[in-house]
Amino acid sequence: MNGPDYYIPAAALGVALAVKLPSLRHHRHSPMTRSVCVLIATACSAFFFAAPPTVARVNRLTGTPNFSAPLVYSLLCALSCASIVLISHWQGGSADAIRRFTRQMIGATVLVVIALFTLFALGNAPVEQPRELDTYYANTPYIREMISLFLVAHTAASVVATVKCWRWAREIPRGWTRCGLLALAVGYLADLGFSLFKGVAVVAHWAGGNLDALNAATPVIASLAAGLTAAGFLLPVVGSRCSSAWQAWRAYREMHPLWRALEEDGARPGMKVSWWSSPELRATVRATAIADRLLELGPYFDDDYRSAVEREAHDQGGDRQEAQNTAEAAMIHRALTARASGRPGARVQRPADPDDWCTVRASGAHQLAEVSRAFREFRVAGRRPAGVAVAEGA
């Protein structure tokens, strides 16, 4: 892997951090927000300083060959710590327990970082190795211990993260959170593979063998692990937003028959939204327009008729919500017909509160979509839901 393979994800993470910083200013006391920002910043730094060109530049600037090795090892340990802490905050629980666990993780990581730099300072690594330091210095005193300490720490963090994600995923039956946790578990398993490949290559040198091909494959494994863990953290957020947008778009489309009938009957233009408006805004605007038209149609509503339809629909096997939706649609259809003929319904009711003229008026877009589907049977398919025929003859 070359410089761009590291710099491109580092740049993407830098942009994500810049986008996230305003929320950190407004929610500086939120542990979750702080954890997210620390994770992004650490991942960005790890990619940037692990790039071979940056490794060579850091070594030259410090005047110490291979100084980048403990630096990159420390950043990877910090990244593992930040990931585990974020998962703990994400999972929730006792605030004191999470705070205590976070302090333990940070304390352990700080000790590992201090030990890494101490061992590097005690050792002697005069030949710069931007890619193969682990195997080249596998038998060098103190450098060997530094490499071993990093691998042990990284392996332990990967195991802890994998177990936490897997156990939590088993508690969640379905949904985007479960998908994210499974992706994280696989990502941390790949991280474990990264440590094992490096470890086997190092141990092979201790035994006098040569399995450097395993160490050469670790950058690809690290990239795969990074992609999977990033997907794991993003899936619950992006997935839920996409699901919400899709449900809003479906509700927007399904409200169309009822909205069109009310707008045409009102003989005046409806509310307009720009073409770039979100599905949620479109659904909200359409639901608001329907609610306003239903308020105007209120004097023509026949509550006795609605109740008769609801009872009949419920008696014929429909559940309560379905029966209510059918009854609302039937009453709206009858009210439109009555207004078109210039007379109110035969059993018109006029409650003191205009909002009570139609219970669905105060409902959200999704229930209005269900009422609209029932209404479509009247206006489009020419059908009558169960109970309407009886009610008509009442």
# chains A, B, ... in the order shown; residues from 1 in each chain; ligands from 1
$ residues_around --residues "His205 in chain A" --least-positions-apart "6" --cutoff "12 Å" --atoms "only C-alpha atoms" --output "list in words"
Asp134, Thr135, Tyr136, Tyr137, Ala138, Asn139, Thr140, Arg144, Lys198, Gly199, Leu211, Asp212 and Asn215 of chain A
$ residues_around --residues "Val36 in chain A" --least-positions-apart "2" --cutoff "10 Å" --atoms "only C-alpha atoms" --output "VMD selection string"
chain A and resid 17 20 24 31 to 34 38 to 42 82 to 83 85 to 87 89 to 90 233
$ write_last_selection --atoms "C-alpha atoms" --output "compact mmCIF listing (two decimals), in the first residue's frame"
# COMPACT_ATOMS: atom_id res chain seq x y z
CA LEU A 17 -14.04 15.48 12.21
CA LYS A 20 -18.48 16.90 13.91
CA LEU A 24 -18.64 19.04 20.19
CA PRO A 31 -19.47 11.58 26.79
CA MET A 32 -20.82 10.09 23.58
CA THR A 33 -19.98 13.16 21.51
CA ARG A 34 -16.50 13.37 23.00
CA VAL A 38 -11.74 11.26 19.85
CA LEU A 39 -12.28 8.12 17.78
CA ILE A 40 -12.38 10.05 14.50
CA ALA A 41 -9.33 12.14 15.41
CA THR A 42 -7.35 9.08 16.48
CA ALA A 82 -11.27 4.89 21.78
CA SER A 83 -13.28 2.22 19.94
CA VAL A 85 -14.86 3.30 25.07
CA LEU A 86 -17.28 4.43 22.35
CA ILE A 87 -18.93 1.00 22.26
CA HIS A 89 -21.01 4.61 25.85
CA TRP A 90 -23.13 3.46 22.93
CA PHE A 233 -20.25 2.65 13.53
$ atom_distance --atom1 "CA of His366 in chain A" --atom2 "CA of Glu254 in chain A"
8.9 Å
$ closest_residue --among "A:Ile147, A:Pro65, A:Ala204, A:Gly175" --to "Pro130 in chain A" --atoms "only C-alpha atoms"
A:Pro65
$ residues_around --residues "Gln324 in chain A" --least-positions-apart "5" --cutoff "9 Å" --atoms "only C-alpha atoms" --output "number ranges by chain"
A: 306-307, 309-311, 313-314, 319, 329, 371
$ write_last_selection --atoms "N, CA and C atoms" --output "compact mmCIF listing (two decimals), in the first residue's frame"
# COMPACT_ATOMS: atom_id res chain seq x y z
N ARG A 306 -69.66 7.11 10.68
CA ARG A 306 -68.30 6.60 10.91
C ARG A 306 -68.31 5.48 11.96
N SER A 307 -69.08 5.68 13.04
CA SER A 307 -69.14 4.66 14.09
C SER A 307 -69.76 3.37 13.58
N VAL A 309 -69.71 2.22 10.48
CA VAL A 309 -68.73 1.56 9.61
C VAL A 309 -67.65 0.89 10.44
N GLU A 310 -67.20 1.57 11.48
CA GLU A 310 -66.14 1.01 12.31
C GLU A 310 -66.60 -0.26 13.01
N ARG A 311 -67.85 -0.24 13.54
CA ARG A 311 -68.36 -1.43 14.22
C ARG A 311 -68.48 -2.60 13.25
N ALA A 313 -66.89 -3.09 10.37
CA ALA A 313 -65.57 -3.55 9.94
C ALA A 313 -64.89 -4.37 11.02
N HIS A 314 -65.06 -3.96 12.26
CA HIS A 314 -64.46 -4.71 13.37
C HIS A 314 -65.15 -6.06 13.56
N ASP A 319 -58.86 -5.69 12.54
CA ASP A 319 -58.36 -5.24 13.82
C ASP A 319 -58.82 -3.81 14.08
N ALA A 329 -61.96 6.84 6.44
CA ALA A 329 -61.99 7.00 4.98
C ALA A 329 -63.42 7.06 4.47
N VAL A 371 -55.06 5.76 6.16
CA VAL A 371 -56.41 6.21 5.84
C VAL A 371 -56.53 6.45 4.34
$ atom_distance --atom1 "CA of Ala115 in chain A" --atom2 "CA of Cys81 in chain A"
16.0 Å
$ residues_around --residues "Leu192 in chain A" --least-positions-apart "5" --cutoff "9 Å" --atoms "only C-alpha atoms" --output "list of chain:residue names"
A:His154, A:Thr155, A:Ala156, A:Ala157, A:Ser158, A:Val159, A:Thr162, A:Gly187, A:Phe197
$ select_by_dssp --residues "range 23-253 of chain A" --states "alpha helix (DSSP H)" --output "PyMOL selection string"
chain A and resi 23-26+31-50+52-62+68-91+95-122+133-136+143-171+176-206+212-253
$ atom_distance --atom1 "CA of Gly209 in chain A" --atom2 "CA of Gly123 in chain A"
22.7 Å
$ closest_residue --among "A:Val72, A:Ala161, A:Thr229, A:Ala121" --to "Met105 in chain A" --atoms "only C-alpha atoms"
A:Ala161
